[in-house]
Structure formats: C-alpha cells, structure tokens
$ cat work.txt   # compact mmCIF, C-alpha atoms and all ligand atoms
# COMPACT_ATOMS: atom_id res chain seq x y z
CA MET A 1 18.65 -14.20 -46.30
CA PHE A 2 17.89 -14.61 -42.60
CA ILE A 3 15.11 -14.52 -40.03
CA CYS A 4 14.98 -11.16 -38.24
CA ALA A 5 15.90 -11.72 -34.59
CA ALA A 6 13.21 -9.27 -33.43
CA CYS A 7 10.16 -9.71 -35.71
CA GLY A 8 10.78 -13.20 -37.12
CA LYS A 9 10.24 -12.26 -40.78
CA VAL A 10 12.40 -13.70 -43.56
CA THR A 11 14.64 -10.82 -44.58
CA ARG A 12 17.22 -10.23 -47.25
CA GLY A 13 20.01 -8.36 -45.57
CA LYS A 14 22.09 -5.64 -47.09
CA ARG A 15 24.77 -6.05 -44.44
CA ARG A 16 26.61 -9.27 -43.86
CA HIS A 17 26.06 -10.70 -40.34
CA ALA A 18 22.99 -8.49 -39.81
CA ILE A 19 20.50 -10.06 -37.41
CA THR A 20 17.60 -7.60 -37.65
CA CYS A 21 15.62 -6.32 -40.67
CA GLY A 22 16.03 -2.63 -39.84
CA ALA A 23 16.46 0.14 -37.29
CA ALA A 24 13.08 -0.43 -35.57
CA CYS A 25 13.89 -4.11 -34.98
CA ARG A 26 17.43 -3.29 -33.88
CA VAL A 27 15.94 -1.03 -31.16
CA ARG A 28 13.33 -3.68 -30.28
CA LEU A 29 16.04 -6.32 -29.86
CA HIS A 30 18.05 -3.93 -27.73
CA ARG A 31 15.03 -3.38 -25.43
CA HIS A 32 14.32 -7.10 -25.06
CA PRO A 33 17.37 -8.77 -23.56
CA GLU A 34 15.34 -12.02 -23.22
CA LEU A 35 15.27 -12.28 -27.05
CA ARG A 36 19.06 -11.88 -27.19
CA GLU A 37 19.57 -14.38 -24.38
CA HIS A 38 17.37 -16.93 -26.13
CA LEU A 39 19.38 -16.53 -29.33
CA ALA A 40 22.68 -16.73 -27.47
CA SER A 41 21.52 -19.95 -25.82
CA ASP A 42 20.48 -21.50 -29.19
CA SER A 43 23.79 -20.34 -30.62
CA ARG A 44 25.73 -22.13 -27.86
CA LEU A 45 23.61 -25.29 -28.25
CA THR A 46 24.10 -25.52 -32.02
CA GLY A 47 27.67 -24.20 -32.19
CA LEU A 48 26.56 -21.71 -34.85
CA SER A 49 27.00 -17.95 -34.73
CA VAL A 50 23.73 -16.04 -34.18
CA ALA A 51 23.85 -14.79 -37.81
CA ASP A 52 24.35 -18.35 -39.14
CA LEU A 53 21.55 -19.62 -36.91
CA LEU A 54 19.13 -17.00 -38.26
CA GLU A 55 20.23 -17.75 -41.82
CA ARG A 56 19.57 -21.46 -41.30
CA ARG A 57 16.10 -20.71 -39.91
CA ALA A 58 15.33 -18.63 -43.01
CA PHE A 59 16.34 -21.55 -45.25
CA LYS A 60 14.03 -23.74 -43.23
CA ALA A 61 11.13 -21.30 -43.79
CA ALA A 62 11.80 -20.48 -47.45
CA TYR A 63 13.43 -23.69 -48.74
CA PRO A 64 12.59 -26.62 -46.46
CA ASP A 65 14.27 -29.04 -48.87
CA LEU A 66 17.57 -27.13 -48.67
CA ALA A 67 17.35 -26.97 -44.87
CA GLU A 68 16.84 -30.71 -44.81
CA ARG A 69 19.88 -31.31 -47.02
CA ILE A 70 21.99 -29.04 -44.78
CA GLY A 71 20.79 -31.00 -41.77
CA ALA A 72 21.71 -34.29 -43.44
CA ASN A 73 25.17 -32.89 -44.30
CA GLU A 74 24.52 -33.41 -48.01
CA ILE A 75 25.29 -29.76 -48.74
CA ASN A 76 26.91 -26.97 -46.75
CA ILE A 77 25.55 -23.48 -46.16
CA GLU A 78 27.56 -22.04 -49.10
CA ALA A 79 26.03 -24.57 -51.52
CA ALA A 80 22.58 -23.81 -50.09
CA ARG A 81 23.14 -20.05 -50.56
CA LEU A 82 24.14 -20.64 -54.18
CA GLU A 83 21.11 -22.87 -54.84
CA ALA A 84 18.77 -20.32 -53.21
CA PHE A 85 20.32 -17.57 -55.36
CA LYS A 86 19.84 -19.67 -58.53
CA ARG A 87 16.20 -20.27 -57.62
CA SER A 88 15.54 -16.60 -56.96
CA LEU A 89 17.09 -15.71 -60.35
CA HIS A 90 14.96 -18.36 -62.01
CA ASP A 91 11.80 -16.98 -60.31
CA LEU A 92 12.71 -13.44 -61.37
CA TYR A 93 13.24 -14.59 -64.97
CA GLN A 94 9.86 -16.36 -64.98
CA ARG A 95 8.12 -13.26 -63.61
CA LEU A 96 9.77 -10.99 -66.22
CA LYS A 97 8.89 -13.43 -69.00
CA ARG A 98 5.23 -13.34 -68.00
CA ARG A 99 5.26 -9.53 -68.08
CA ALA A 100 6.92 -9.25 -71.52
CA PRO A 101 4.42 -8.33 -74.26
CA ALA A 102 3.79 -11.11 -76.78
CA ALA A 103 5.51 -10.29 -80.09
ZN ZN B 1 12.45 -7.30 -38.02

$ encode --input "work.txt" --output "structure tokens"
Amino acid sequence: MFICAACGKVTRGKRRHAITCGAACRVRLHRHPELREHLASDSRLTGLSVADLLERRAFKAAYPDLAERIGANEINIEAARLEAFKRSLHDLYQRLKRRAPAA
C-alpha cells in the first residue's frame, strides 16, 4: 500500500517499490520533473527511500493510528504492514459474512 506519486491516491501495488498506480501516472510523473524533485527532497530530509516515504504516507491516510505508532517508534514498518494486512483480512471476512445467506 502506498500513495501514488503522481495522483496522490492510496494504491495497493502489485510490484514492490512501485511509486505510481499505473502506466498513465508513470507517464505523468515522467513529464513532471518538479513532482520527482519534490519527492527526492522529502526522501533526503526523512532518510527514507521514495517508496518507503509513499508507503508511510498511505499508512497516515488509511491508518492514522498506525502512522502515529510508527512515528513514536512503537512499531516498525514491517509490524505496521502486518497489522494493516490483518485488518484488511478482518474487513474482508466481515463483508463476506454479511453477504452469506442466513441458514
Ligand atoms: Zn496514480
């Protein structure tokens, strides 16, 4: 999960270290060097890779509590990924349960 570097939407990536949600945004990012420079500057400031930076921003948007715990060094990004995955499985289970016909 990460924030697309071109459109800013929370995206679930198929590729590891992807920074855009698809081909259109990849082209858009390529045509806007100011977007890349801004990201590179934030990356230098935080000491995070661009992909990690965008992942952290997505956590902030989707799971503000997890982002806060990362910021406070209570959990690391791996633990946050695992927790986010558990929550998405739980949500999926709840949605499926609601759809199941009552016996
Ligand atoms: Zn995008």

$ residues_near_ligand --input "work.txt" --ligand "ligand ZN 1 (chain B)" --cutoff "12 Å" --atoms "all atoms listed in the file" --output "PyMOL selection string"
chain A and resi 2-13+18-29+54

$ closest_residue --input "work.txt" --among "A:Leu48, A:His32, A:Leu53, A:Tyr63" --to "A:Ser88" --atoms "only C-alpha atoms"
A:Tyr63

$ atom_distance --input "work.txt" --atom1 "atom CA of A:Glu55" --atom2 "atom CA of A:His17"
9.3 Å

$ atom_distance --input "work.txt" --atom1 "atom CA of A:Ala79" --atom2 "atom CA of A:Leu39"
24.5 Å

$ residues_around --input "work.txt" --residues "A:Gly71" --least-positions-apart "3" --cutoff "12 Å" --atoms "all atoms listed in the file" --output "VMD selection string"
chain A and resid 46 56 to 57 59 to 60 64 to 68 74 to 77 80

$ atom_distance --input "work.txt" --atom1 "atom CA of A:Arg31" --atom2 "atom CA of A:Val50"
17.7 Å

$ axis_aligned_box --input "work.txt" --around "stretch 34-45 of chain A" --padding-each-side "6 Å" --output "JSON"
{"center_x": 20.5, "center_y": -18.6, "center_z": -26.9, "size_x": 22.5, "size_y": 25.4, "size_z": 19.4}

$ closest_residue --input "work.txt" --among "A:Ala62, A:Met1, A:Arg44, A:Asp52" --to "A:Lys14" --atoms "all atoms listed in the file"
A:Met1

$ closest_residue --input "work.txt" --among "A:Arg15, A:Pro101, A:Arg81, A:Glu34" --to "A:Ala58" --atoms "only C-alpha atoms"
A:Arg81

$ decode --input "work.txt" --residues "stretch 43-79 of chain A" --atoms "N, CA and C atoms" --output "PDB file, in the first residue's frame"
ATOM      1  N   SER A  43      12.585  12.730   0.443  1.00  0.00           N
ATOM      2  CA  SER A  43      13.310  11.493   0.707  1.00  0.00           C
ATOM      3  C   SER A  43      14.637  11.785   1.422  1.00  0.00           C
ATOM      4  N   ARG A  44      15.340  12.820   0.935  1.00  0.00           N
ATOM      5  CA  ARG A  44      16.609  13.199   1.575  1.00  0.00           C
ATOM      6  C   ARG A  44      16.376  13.683   3.003  1.00  0.00           C
ATOM      7  N   LEU A  45      15.321  14.498   3.184  1.00  0.00           N
ATOM      8  CA  LEU A  45      15.024  15.065   4.505  1.00  0.00           C
ATOM      9  C   LEU A  45      14.703  13.996   5.547  1.00  0.00           C
ATOM     10  N   THR A  46      13.941  12.966   5.110  1.00  0.00           N
ATOM     11  CA  THR A  46      13.489  11.945   6.058  1.00  0.00           C
ATOM     12  C   THR A  46      14.449  10.759   6.149  1.00  0.00           C
ATOM     13  N   GLY A  47      15.345  10.635   5.174  1.00  0.00           N
ATOM     14  CA  GLY A  47      16.243   9.482   5.153  1.00  0.00           C
ATOM     15  C   GLY A  47      15.542   8.206   4.708  1.00  0.00           C
ATOM     16  N   LEU A  48      14.345   8.349   4.149  1.00  0.00           N
ATOM     17  CA  LEU A  48      13.599   7.180   3.658  1.00  0.00           C
ATOM     18  C   LEU A  48      13.699   7.115   2.136  1.00  0.00           C
ATOM     19  N   SER A  49      13.610   5.897   1.588  1.00  0.00           N
ATOM     20  CA  SER A  49      13.558   5.797   0.132  1.00  0.00           C
ATOM     21  C   SER A  49      12.213   6.378  -0.304  1.00  0.00           C
ATOM     22  N   VAL A  50      12.102   6.762  -1.588  1.00  0.00           N
ATOM     23  CA  VAL A  50      10.852   7.335  -2.089  1.00  0.00           C
ATOM     24  C   VAL A  50       9.705   6.342  -1.886  1.00  0.00           C
ATOM     25  N   ALA A  51       9.946   5.048  -2.168  1.00  0.00           N
ATOM     26  CA  ALA A  51       8.898   4.032  -1.998  1.00  0.00           C
ATOM     27  C   ALA A  51       8.457   3.945  -0.530  1.00  0.00           C
ATOM     28  N   ASP A  52       9.411   3.973   0.400  1.00  0.00           N
ATOM     29  CA  ASP A  52       9.068   3.903   1.829  1.00  0.00           C
ATOM     30  C   ASP A  52       8.304   5.154   2.276  1.00  0.00           C
ATOM     31  N   LEU A  53       8.702   6.287   1.732  1.00  0.00           N
ATOM     32  CA  LEU A  53       8.039   7.552   2.043  1.00  0.00           C
ATOM     33  C   LEU A  53       6.568   7.494   1.616  1.00  0.00           C
ATOM     34  N   LEU A  54       6.323   6.999   0.402  1.00  0.00           N
ATOM     35  CA  LEU A  54       4.961   6.929  -0.128  1.00  0.00           C
ATOM     36  C   LEU A  54       4.140   5.884   0.627  1.00  0.00           C
ATOM     37  N   GLU A  55       4.809   4.829   1.096  1.00  0.00           N
ATOM     38  CA  GLU A  55       4.116   3.816   1.892  1.00  0.00           C
ATOM     39  C   GLU A  55       3.699   4.419   3.235  1.00  0.00           C
ATOM     40  N   ARG A  56       4.603   5.176   3.838  1.00  0.00           N
ATOM     41  CA  ARG A  56       4.301   5.793   5.128  1.00  0.00           C
ATOM     42  C   ARG A  56       3.144   6.796   5.008  1.00  0.00           C
ATOM     43  N   ARG A  57       3.118   7.543   3.906  1.00  0.00           N
ATOM     44  CA  ARG A  57       2.013   8.489   3.688  1.00  0.00           C
ATOM     45  C   ARG A  57       0.677   7.761   3.548  1.00  0.00           C
ATOM     46  N   ALA A  58       0.708   6.574   2.901  1.00  0.00           N
ATOM     47  CA  ALA A  58      -0.523   5.798   2.755  1.00  0.00           C
ATOM     48  C   ALA A  58      -1.016   5.308   4.119  1.00  0.00           C
ATOM     49  N   PHE A  59      -0.095   4.890   4.984  1.00  0.00           N
ATOM     50  CA  PHE A  59      -0.472   4.474   6.334  1.00  0.00           C
ATOM     51  C   PHE A  59      -1.119   5.642   7.073  1.00  0.00           C
ATOM     52  N   LYS A  60      -0.568   6.811   6.861  1.00  0.00           N
ATOM     53  CA  LYS A  60      -1.091   8.006   7.516  1.00  0.00           C
ATOM     54  C   LYS A  60      -2.528   8.279   7.073  1.00  0.00           C
ATOM     55  N   ALA A  61      -2.800   8.069   5.750  1.00  0.00           N
ATOM     56  CA  ALA A  61      -4.136   8.311   5.214  1.00  0.00           C
ATOM     57  C   ALA A  61      -5.114   7.208   5.624  1.00  0.00           C
ATOM     58  N   ALA A  62      -4.678   5.953   5.537  1.00  0.00           N
ATOM     59  CA  ALA A  62      -5.593   4.833   5.759  1.00  0.00           C
ATOM     60  C   ALA A  62      -5.662   4.415   7.229  1.00  0.00           C
ATOM     61  N   TYR A  63      -4.536   4.470   7.932  1.00  0.00           N
ATOM     62  CA  TYR A  63      -4.482   4.018   9.325  1.00  0.00           C
ATOM     63  C   TYR A  63      -3.708   5.035  10.151  1.00  0.00           C
ATOM     64  N   PRO A  64      -4.361   6.165  10.468  1.00  0.00           N
ATOM     65  CA  PRO A  64      -3.631   7.209  11.214  1.00  0.00           C
ATOM     66  C   PRO A  64      -3.035   6.708  12.523  1.00  0.00           C
ATOM     67  N   ASP A  65      -3.700   5.759  13.178  1.00  0.00           N
ATOM     68  CA  ASP A  65      -3.169   5.234  14.445  1.00  0.00           C
ATOM     69  C   ASP A  65      -1.854   4.490  14.224  1.00  0.00           C
ATOM     70  N   LEU A  66      -1.777   3.731  13.116  1.00  0.00           N
ATOM     71  CA  LEU A  66      -0.527   3.003  12.833  1.00  0.00           C
ATOM     72  C   LEU A  66       0.590   3.985  12.488  1.00  0.00           C
ATOM     73  N   ALA A  67       0.254   5.010  11.726  1.00  0.00           N
ATOM     74  CA  ALA A  67       1.255   6.020  11.355  1.00  0.00           C
ATOM     75  C   ALA A  67       1.805   6.700  12.603  1.00  0.00           C
ATOM     76  N   GLU A  68       0.906   6.952  13.548  1.00  0.00           N
ATOM     77  CA  GLU A  68       1.327   7.583  14.795  1.00  0.00           C
ATOM     78  C   GLU A  68       2.283   6.677  15.571  1.00  0.00           C
ATOM     79  N   ARG A  69       1.956   5.379  15.599  1.00  0.00           N
ATOM     80  CA  ARG A  69       2.811   4.428  16.341  1.00  0.00           C
ATOM     81  C   ARG A  69       4.163   4.241  15.659  1.00  0.00           C
ATOM     82  N   ILE A  70       4.183   4.359  14.310  1.00  0.00           N
ATOM     83  CA  ILE A  70       5.471   4.298  13.601  1.00  0.00           C
ATOM     84  C   ILE A  70       6.297   5.522  13.994  1.00  0.00           C
ATOM     85  N   GLY A  71       5.619   6.676  13.971  1.00  0.00           N
ATOM     86  CA  GLY A  71       6.290   7.936  14.309  1.00  0.00           C
ATOM     87  C   GLY A  71       6.859   7.940  15.713  1.00  0.00           C
ATOM     88  N   ALA A  72       6.162   7.274  16.635  1.00  0.00           N
ATOM     89  CA  ALA A  72       6.600   7.226  18.035  1.00  0.00           C
ATOM     90  C   ALA A  72       7.587   6.082  18.276  1.00  0.00           C
ATOM     91  N   ASN A  73       7.982   5.391  17.189  1.00  0.00           N
ATOM     92  CA  ASN A  73       8.896   4.253  17.280  1.00  0.00           C
ATOM     93  C   ASN A  73       8.382   3.114  18.149  1.00  0.00           C
ATOM     94  N   GLU A  74       7.046   3.000  18.245  1.00  0.00           N
ATOM     95  CA  GLU A  74       6.463   1.877  18.998  1.00  0.00           C
ATOM     96  C   GLU A  74       6.461   0.615  18.140  1.00  0.00           C
ATOM     97  N   ILE A  75       6.242   0.816  16.840  1.00  0.00           N
ATOM     98  CA  ILE A  75       6.269  -0.306  15.897  1.00  0.00           C
ATOM     99  C   ILE A  75       7.086   0.120  14.679  1.00  0.00           C
ATOM    100  N   ASN A  76       7.611  -0.866  13.949  1.00  0.00           N
ATOM    101  CA  ASN A  76       8.331  -0.538  12.720  1.00  0.00           C
ATOM    102  C   ASN A  76       7.397  -0.762  11.522  1.00  0.00           C
ATOM    103  N   ILE A  77       7.885  -0.442  10.345  1.00  0.00           N
ATOM    104  CA  ILE A  77       7.047  -0.507   9.143  1.00  0.00           C
ATOM    105  C   ILE A  77       6.586  -1.952   8.862  1.00  0.00           C
ATOM    106  N   GLU A  78       7.420  -2.945   9.199  1.00  0.00           N
ATOM    107  CA  GLU A  78       7.027  -4.346   8.968  1.00  0.00           C
ATOM    108  C   GLU A  78       5.834  -4.713   9.853  1.00  0.00           C
ATOM    109  N   ALA A  79       5.887  -4.303  11.131  1.00  0.00           N
ATOM    110  CA  ALA A  79       4.786  -4.582  12.052  1.00  0.00           C
ATOM    111  C   ALA A  79       3.520  -3.859  11.597  1.00  0.00           C
TER     112      ALA A  79
END
